[in-house]
Each structure stands twice: as C-alpha cells, then as structure tokens.
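Data block below; observations after.
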Amino acid sequence: MAGTLYDRLWDAHVVATDGDGQTLLYIDRQLLHEVSSPQAFAGLRAQGLRPHRPATQLAVADHAVPTHHRDRPIADRQARDQVALLEANCAATGIEYLALDGAGQGIVHVIGPEQGFTLPGITLVCGDSHSATHGAFGALAFGIGASECETVLATQTLWQTRAKTMRVTFTGAAGETVTAKDMILALICRIGTGGATGHAIEYVGDAVRAMSMEARMTLCNMSIEAGSRTGLIAPDDTTFAYLEGRPRCPSGAHWDAAVAAWRGLASDADAIFDREVTIDLALLAPQVSFGTSPDQVLPIDGRVPDPAACVDPAARAKLERALDYMALTPGTAMTDIAIDHVFIGSCTNGRIEDLRAAAGIIGTGHVAPGVTALVVPGSGAVKQQAEAEGLDRIFVGAGFQWREAGCSLCVAMNDDRLPDGARCASTSNRNFEGRQGKGAHTHLVSPAMAAAAALAGRFVDIRER
C-alpha cells in the first residue's frame, strides 16, 4: 500500500499501541533549553531517576539570554538563574550543554541542524513549538510540554496520536523577491491558524525542491502557526550536502549507509493525503501581517481590510479587535504604515542566508530617523560567518545594532522588549498581542522586507526597488 513520508517516519518508531488510538513512539533525540527543562529535571530528581540515554540529549540556553554584554554576568536575576540551573542540571546528568560564552551557543532550532544533531529519519522533540523546523530534514519533529520532556529524558518514548496528512504543493515560479517566509505566510492566510490542526504537513513542488535548506527550515518552522505540530520535506541531495561534515553526522562508511537509507524517505507517488492544498507562486507578492494572528496577512500592495465587509459576526469581531490593538484604520495602504522598530533574527529568519538577504537590500542606505533596528544572529556560528563576510559592517554602518545570538525580540523573555505602542517590522514567527512587549504592534515580514522598512521608516514594496 502506498504510504506518505509521515507514515514511514511514524511506523519506523512504533514501540507499542493501546486500544484507544494512542501509540508509544521511540524518540531518538531531544533538544533542551533553559525555560522548558527545569520542571523536567526536577521531576526526574523527585522520582530518583536519571536520563535514560544522555547522549541523545543536547542543551543550550536561548530564550531568556541577553543579546549584548555577554562578557558580563546576566543582569536579570531570573534569566541568570535559569541559565545556571540548565548548566547545573546538564553537569549532574551527563547531558552535553553548549555554553553561553561558547561558539556553539544559539537558538535551539538553529544549532540542531548546524551541529548535525538533526538528521533525516529520526524523531526529534523539544519543549518549544517551533520544533517543526527540523522537519525540513525529513525528521519527525514536534514540540512538547515540560512533563513530556521529563518522560523523554526518563524513557526515550512518548505516547502520541497519529495525525492525518496534508500535502501542500507550491506550483509556478516565484518572483525574485518572494521568499520562504512569504510562502508560509500565504499558506497560513489561506487555511487559517487552525487549518492544519490534527494534520502533519508535507511540503512539495518544484519550488520546494529548489529551496536551500535554510529556506526549507523557514517553511517548516511556521507549520505550527497553521495548527500543525509537524512540517516535513523529503530529504534529497540538497539535504545531504548541507549535513555532510557536520560535527555530529555519521562519517565514512556510516555516512554512505545513512544516505542510502535516507533516500528512501519519501512519499510514494500514488500516496493518498487526507487534505491537499495548492498555491501558485507566480501570483504571490511579498507578504506582511496586519493583525494579531499569523493568518491576518496581506500582500504588500494590499490595504487594511474593513470589518464591516465581514459577513460572519465572529470574523468581524476578531478583525475589529485586531485592528483596534494594532491601531490601524481600514483602507490604509500597507505601504503607508510607518514603523519605528525592526527586528531581524529568530529561529524563523536568523540564519546566514537571512542576514545576507537583509544586507543585500541595504546597499549604501541608512536606517531612517526614529527607527531602532536590531540584527540578532541565530547562533554564534551564524554571527561568526556573517562577520567573516563583512555583513556586520554593512548593518552597523547603516545604523543597525549588531547583537549576540539568542531568541531576542521574537519572544521578549529577555532584555529585548518593545515599548508600549511601538510598531515593529519583524522576521519572527508570531504577532500575538504583547508577543514583543506589552502593547507592541508586530508585523511579520521576510528579512528583505524588514531591511527595506528600516531604511524607509515604513513598509516598502521591494519589487519596485
């Protein structure tokens, strides 16, 4: 019987099933960070347990860490305690910890692939919803809660419910200014934030095959914003070229055997999916979110919608609340919306290709008066690479702040927060109320769109540059 990639990954990890539709899955690897792991380690200690396979765990601090003054002790006491506790828990249990002052530090979803810790065919979990990122490699990866982190540490397994399958096909040729961020925003706009709930998404089509691994990670990263815990892309030569030589990848004959096995990780041509969605990229413009949900998105040449046009009372109320929070007037052209902050970074768009795209827009330009702009590399390795290429000098010369690696303004659990009423062009993944700070207004865009907004002080149609 024809099967999907999701079927193959799932079936390869079944340990047991019960009579209520639950399956006990073997979990190959887990990523840990300072915010979601303390309860898991405390739970282990309370039961007198230790991690079952410490070598399958990898820890790094990212959410709460400051992105400047790394040569000083962390000023915020809670963040300082969280990082110290993660380091102590790892030391006590034999789990590898990538130190805050080391070259390997970075956002958990950036360092996993960098380290070769993320591999095709594995199950990978993390106490963070954007774990779907790792599905770009053909891994069954999903976010879990703190109690599940504890279960994986103790047993290397999790009870899960098998998802339905959704195939998203991108057809046509995208314009030069249309990126993976625009593609995923357009998908979420199409199907809604609950459109993929209960489904595992697989992304296919010529445009996906032509993508770099970093673009594929951006695509899978935001699968959770459409309701799916999982995003998948079948591994291919692009995947193998990215991984070969990474520190934790197999090598020699083991590499050859692994690649041979990974080539079988694909959906059959006649596989049946529970839901099909097709998006024509030839018609896609750069996207900008206008509301407080990732599905409230418009093309850059669009205008803020009018709630009065909504027939459904619930949809009208949702839109009215969003526009009220975002302080936007119906009918306003997106290119007339002024911004005062720009954030380039996060596990969605903090990789080297994202920084290259943003730097490419800047040229000899300068950040507009009144705009505060931050560039936060996704990892120490990304920062080092960017500096080797001179990208940091482009950013700093244009008036951007150049920071250390971390989650930064994506989540505002650290020193980086927007003031009340600030309006930000952000390459992050969520635009919820208060996501970047109490009362802050977040607009989701690609790195190139964010850079262009920084220079103009408003949103810009980069197709016209």
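Quick note on naming: the chains in the structure tokens go A, B, ... in the order shown, residues restart at 1 in each chain, and ligands are numbered from 1 in order of appearance.
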Need the shell around range 432-445 of chain A: protein/DNA/RNA residues with any atom at most 8 Å away, counting only C-alpha atoms. Skip same-chain ones fewer than 3 positions apart. Format as number ranges by chain? A: 181-182, 287-294, 325-326, 409-412, 417-429, 449-450
Got a sec to tell me which of range 153-194 of chain A DSSP assigns to alpha helix (DSSP H), as a ChimeraX atom specification? /A:153-155,180-191
Keeping only N, CA, C and O atoms, write those residues as a PDB file, in the first residue's frame.
```pdb
ATOM      1  N   LEU A 153      13.256  12.202  28.774  1.00  0.00           N
ATOM      2  CA  LEU A 153      14.525  12.024  29.494  1.00  0.00           C
ATOM      3  C   LEU A 153      14.576  10.659  30.181  1.00  0.00           C
ATOM      4  O   LEU A 153      15.596   9.968  30.153  1.00  0.00           O
ATOM      5  N   ALA A 154      13.450  10.261  30.783  1.00  0.00           N
ATOM      6  CA  ALA A 154      13.443   9.039  31.587  1.00  0.00           C
ATOM      7  C   ALA A 154      13.274   7.778  30.763  1.00  0.00           C
ATOM      8  O   ALA A 154      13.831   6.722  31.107  1.00  0.00           O
ATOM      9  N   THR A 155      12.503   7.862  29.669  1.00  0.00           N
ATOM     10  CA  THR A 155      12.122   6.621  28.969  1.00  0.00           C
ATOM     11  C   THR A 155      12.477   6.587  27.498  1.00  0.00           C
ATOM     12  O   THR A 155      12.376   5.523  26.873  1.00  0.00           O
ATOM     13  N   ALA A 180      10.732  32.098   1.269  1.00  0.00           N
ATOM     14  CA  ALA A 180      10.040  31.050   2.034  1.00  0.00           C
ATOM     15  C   ALA A 180       9.106  31.666   3.071  1.00  0.00           C
ATOM     16  O   ALA A 180       8.033  31.125   3.351  1.00  0.00           O
ATOM     17  N   LYS A 181       9.503  32.806   3.654  1.00  0.00           N
ATOM     18  CA  LYS A 181       8.643  33.462   4.649  1.00  0.00           C
ATOM     19  C   LYS A 181       7.328  33.901   4.005  1.00  0.00           C
ATOM     20  O   LYS A 181       6.250  33.746   4.602  1.00  0.00           O
ATOM     21  N   ASP A 182       7.405  34.431   2.796  1.00  0.00           N
ATOM     22  CA  ASP A 182       6.189  34.847   2.093  1.00  0.00           C
ATOM     23  C   ASP A 182       5.307  33.636   1.771  1.00  0.00           C
ATOM     24  O   ASP A 182       4.081  33.711   1.855  1.00  0.00           O
ATOM     25  N   MET A 183       5.946  32.525   1.414  1.00  0.00           N
ATOM     26  CA  MET A 183       5.192  31.310   1.075  1.00  0.00           C
ATOM     27  C   MET A 183       4.428  30.776   2.279  1.00  0.00           C
ATOM     28  O   MET A 183       3.245  30.427   2.181  1.00  0.00           O
ATOM     29  N   ILE A 184       5.077  30.724   3.433  1.00  0.00           N
ATOM     30  CA  ILE A 184       4.398  30.156   4.600  1.00  0.00           C
ATOM     31  C   ILE A 184       3.332  31.120   5.127  1.00  0.00           C
ATOM     32  O   ILE A 184       2.267  30.694   5.576  1.00  0.00           O
ATOM     33  N   LEU A 185       3.596  32.427   5.050  1.00  0.00           N
ATOM     34  CA  LEU A 185       2.564  33.382   5.461  1.00  0.00           C
ATOM     35  C   LEU A 185       1.337  33.277   4.548  1.00  0.00           C
ATOM     36  O   LEU A 185       0.190  33.346   5.006  1.00  0.00           O
ATOM     37  N   ALA A 186       1.582  33.102   3.260  1.00  0.00           N
ATOM     38  CA  ALA A 186       0.465  32.974   2.316  1.00  0.00           C
ATOM     39  C   ALA A 186      -0.330  31.707   2.606  1.00  0.00           C
ATOM     40  O   ALA A 186      -1.571  31.701   2.519  1.00  0.00           O
ATOM     41  N   LEU A 187       0.366  30.619   2.947  1.00  0.00           N
ATOM     42  CA  LEU A 187      -0.345  29.379   3.273  1.00  0.00           C
ATOM     43  C   LEU A 187      -1.211  29.559   4.516  1.00  0.00           C
ATOM     44  O   LEU A 187      -2.389  29.159   4.531  1.00  0.00           O
ATOM     45  N   ILE A 188      -0.643  30.160   5.557  1.00  0.00           N
ATOM     46  CA  ILE A 188      -1.396  30.330   6.801  1.00  0.00           C
ATOM     47  C   ILE A 188      -2.594  31.245   6.564  1.00  0.00           C
ATOM     48  O   ILE A 188      -3.677  31.032   7.107  1.00  0.00           O
ATOM     49  N   CYS A 189      -2.401  32.274   5.748  1.00  0.00           N
ATOM     50  CA  CYS A 189      -3.515  33.164   5.396  1.00  0.00           C
ATOM     51  C   CYS A 189      -4.620  32.374   4.690  1.00  0.00           C
ATOM     52  O   CYS A 189      -5.805  32.573   4.948  1.00  0.00           O
ATOM     53  N   ARG A 190      -4.208  31.446   3.813  1.00  0.00           N
ATOM     54  CA  ARG A 190      -5.182  30.664   3.045  1.00  0.00           C
ATOM     55  C   ARG A 190      -5.994  29.718   3.922  1.00  0.00           C
ATOM     56  O   ARG A 190      -7.221  29.661   3.836  1.00  0.00           O
ATOM     57  N   ILE A 191      -5.298  28.954   4.778  1.00  0.00           N
ATOM     58  CA  ILE A 191      -6.008  27.880   5.503  1.00  0.00           C
ATOM     59  C   ILE A 191      -6.356  28.262   6.931  1.00  0.00           C
ATOM     60  O   ILE A 191      -7.108  27.553   7.595  1.00  0.00           O
TER      61      ILE A 191
END
```
Have a look at A:Leu265, A:Ala327, A:Leu5, A:Val376 and name the one nearest to Gln401 in chain A; count only C-alpha atoms.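 The answer is A:Val376, which sits nearest to Gln401 in chain A.
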Excluding Pro305 in chain A and its own-chain neighbours fewer than 5 positions away, which residues fall within 9 Å of it when counting only C-alpha atoms? Please give them as a list of chain:residue names. A:Leu319, A:Thr329, A:Pro330, A:Gly331, A:Thr332
Filtered DSSP result for range 343-437 of chain A, state strand (DSSP E or B), as a PyMOL selection string: chain A and resi 343-344+372-375+379+401-402+423-426
Could you take the residues named above and write them with N, CA and C atoms, as a PDB file, in the first residue's frame?
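File written: result.pdb
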```pdb
ATOM      1  N   PHE A 343      13.226  44.170  13.647  1.00  0.00           N
ATOM      2  CA  PHE A 343      13.946  43.035  14.241  1.00  0.00           C
ATOM      3  C   PHE A 343      14.228  42.001  13.164  1.00  0.00           C
ATOM      4  N   ILE A 344      15.509  41.724  12.954  1.00  0.00           N
ATOM      5  CA  ILE A 344      15.922  40.674  12.016  1.00  0.00           C
ATOM      6  C   ILE A 344      16.608  39.598  12.838  1.00  0.00           C
ATOM      7  N   THR A 372      14.597  52.173  15.387  1.00  0.00           N
ATOM      8  CA  THR A 372      15.589  51.348  16.081  1.00  0.00           C
ATOM      9  C   THR A 372      15.602  49.977  15.416  1.00  0.00           C
ATOM     10  N   ALA A 373      16.753  49.547  14.940  1.00  0.00           N
ATOM     11  CA  ALA A 373      16.843  48.299  14.173  1.00  0.00           C
ATOM     12  C   ALA A 373      17.882  47.364  14.782  1.00  0.00           C
ATOM     13  N   LEU A 374      17.468  46.118  15.044  1.00  0.00           N
ATOM     14  CA  LEU A 374      18.358  45.108  15.613  1.00  0.00           C
ATOM     15  C   LEU A 374      18.563  43.963  14.633  1.00  0.00           C
ATOM     16  N   VAL A 375      19.793  43.492  14.549  1.00  0.00           N
ATOM     17  CA  VAL A 375      20.083  42.244  13.844  1.00  0.00           C
ATOM     18  C   VAL A 375      20.657  41.283  14.880  1.00  0.00           C
ATOM     19  N   SER A 379      22.735  32.073  15.794  1.00  0.00           N
ATOM     20  CA  SER A 379      23.715  31.273  16.537  1.00  0.00           C
ATOM     21  C   SER A 379      25.076  31.966  16.491  1.00  0.00           C
ATOM     22  N   GLN A 401      21.811  47.799  15.064  1.00  0.00           N
ATOM     23  CA  GLN A 401      22.553  47.242  16.187  1.00  0.00           C
ATOM     24  C   GLN A 401      22.894  45.786  15.860  1.00  0.00           C
ATOM     25  N   TRP A 402      24.117  45.381  16.156  1.00  0.00           N
ATOM     26  CA  TRP A 402      24.609  44.026  15.857  1.00  0.00           C
ATOM     27  C   TRP A 402      24.778  43.290  17.184  1.00  0.00           C
ATOM     28  N   ARG A 423       5.809  49.969  16.931  1.00  0.00           N
ATOM     29  CA  ARG A 423       5.391  49.200  15.753  1.00  0.00           C
ATOM     30  C   ARG A 423       6.635  48.629  15.078  1.00  0.00           C
ATOM     31  N   CYS A 424       6.657  47.293  14.930  1.00  0.00           N
ATOM     32  CA  CYS A 424       7.883  46.610  14.512  1.00  0.00           C
ATOM     33  C   CYS A 424       7.674  45.777  13.255  1.00  0.00           C
ATOM     34  N   ALA A 425       8.582  45.935  12.305  1.00  0.00           N
ATOM     35  CA  ALA A 425       8.698  45.010  11.184  1.00  0.00           C
ATOM     36  C   ALA A 425       9.620  43.892  11.655  1.00  0.00           C
ATOM     37  N   SER A 426       9.076  42.683  11.785  1.00  0.00           N
ATOM     38  CA  SER A 426       9.804  41.615  12.465  1.00  0.00           C
ATOM     39  C   SER A 426       9.881  40.362  11.603  1.00  0.00           C
TER      40      SER A 426
END
```
With only C-alpha atoms as the basis for distance, which of A:Ala79, A:Val35, A:Cys126, A:Ala61 is at the shortest distance from Tyr97 in chain A?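 For Tyr97 in chain A, the nearest of the candidates is A:Ala61.
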Which one of A:Val178, A:Cys347, A:Val259, A:Val15 sits closest to Ser408 in chain A if you count only C-alpha atoms?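 Result for the nearest residue to Ser408 in chain A: A:Cys347.
Compared by their closest atoms to Ala266 in chain A, and using only C-alpha atoms, the residues A:Ala210, A:Ala64, A:Ala357, A:Ile233 rank with A:Ile233 nearest.
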Pick from A:Arg248, A:Cys90, A:Arg209, A:Gly138, whichever lies nearest to Ala234 in chain A using only C-alpha atoms: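 The answer is A:Gly138, which sits nearest to Ala234 in chain A.
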In Å, how far is it from CA of Pro299 in chain A to CA of Pro286 in chain A?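 One can read the CA of Pro299 in chain A to CA of Pro286 in chain A distance as 5.7 Å.
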Residues near range 194-200 of chain A, cut-off 7 Å, only C-alpha atoms, skip fewer than 5 positions along chain, as a PyMOL selection string: chain A and resi 163-166+226-231
Considering only C-alpha atoms, return as a list in words whatever protein or nucleic-acid residues lie within 12 Å of Gly19 in chain A, sequence-local ones (same chain, fewer than 4 positions apart) excluded.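 These residues fall inside the cut-off: Thr23, Leu24 and Thr161 of chain A.
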Output for the residues just chosen: C-alpha atoms as a tab-separated table (two decimals), in the first residue's frame:
```
chain	number	residue	atom	x	y	z
A	23	THR	CA	0.90	4.91	20.02
A	24	LEU	CA	4.08	4.74	22.06
A	161	THR	CA	-1.89	10.18	18.49
```
Pick from A:Leu86, A:Thr239, A:Met217, A:Asp280: nearest to Gly175 in chain A, with only C-alpha atoms counted?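 The shortest atom-to-atom distance to Gly175 in chain A comes from A:Asp280.
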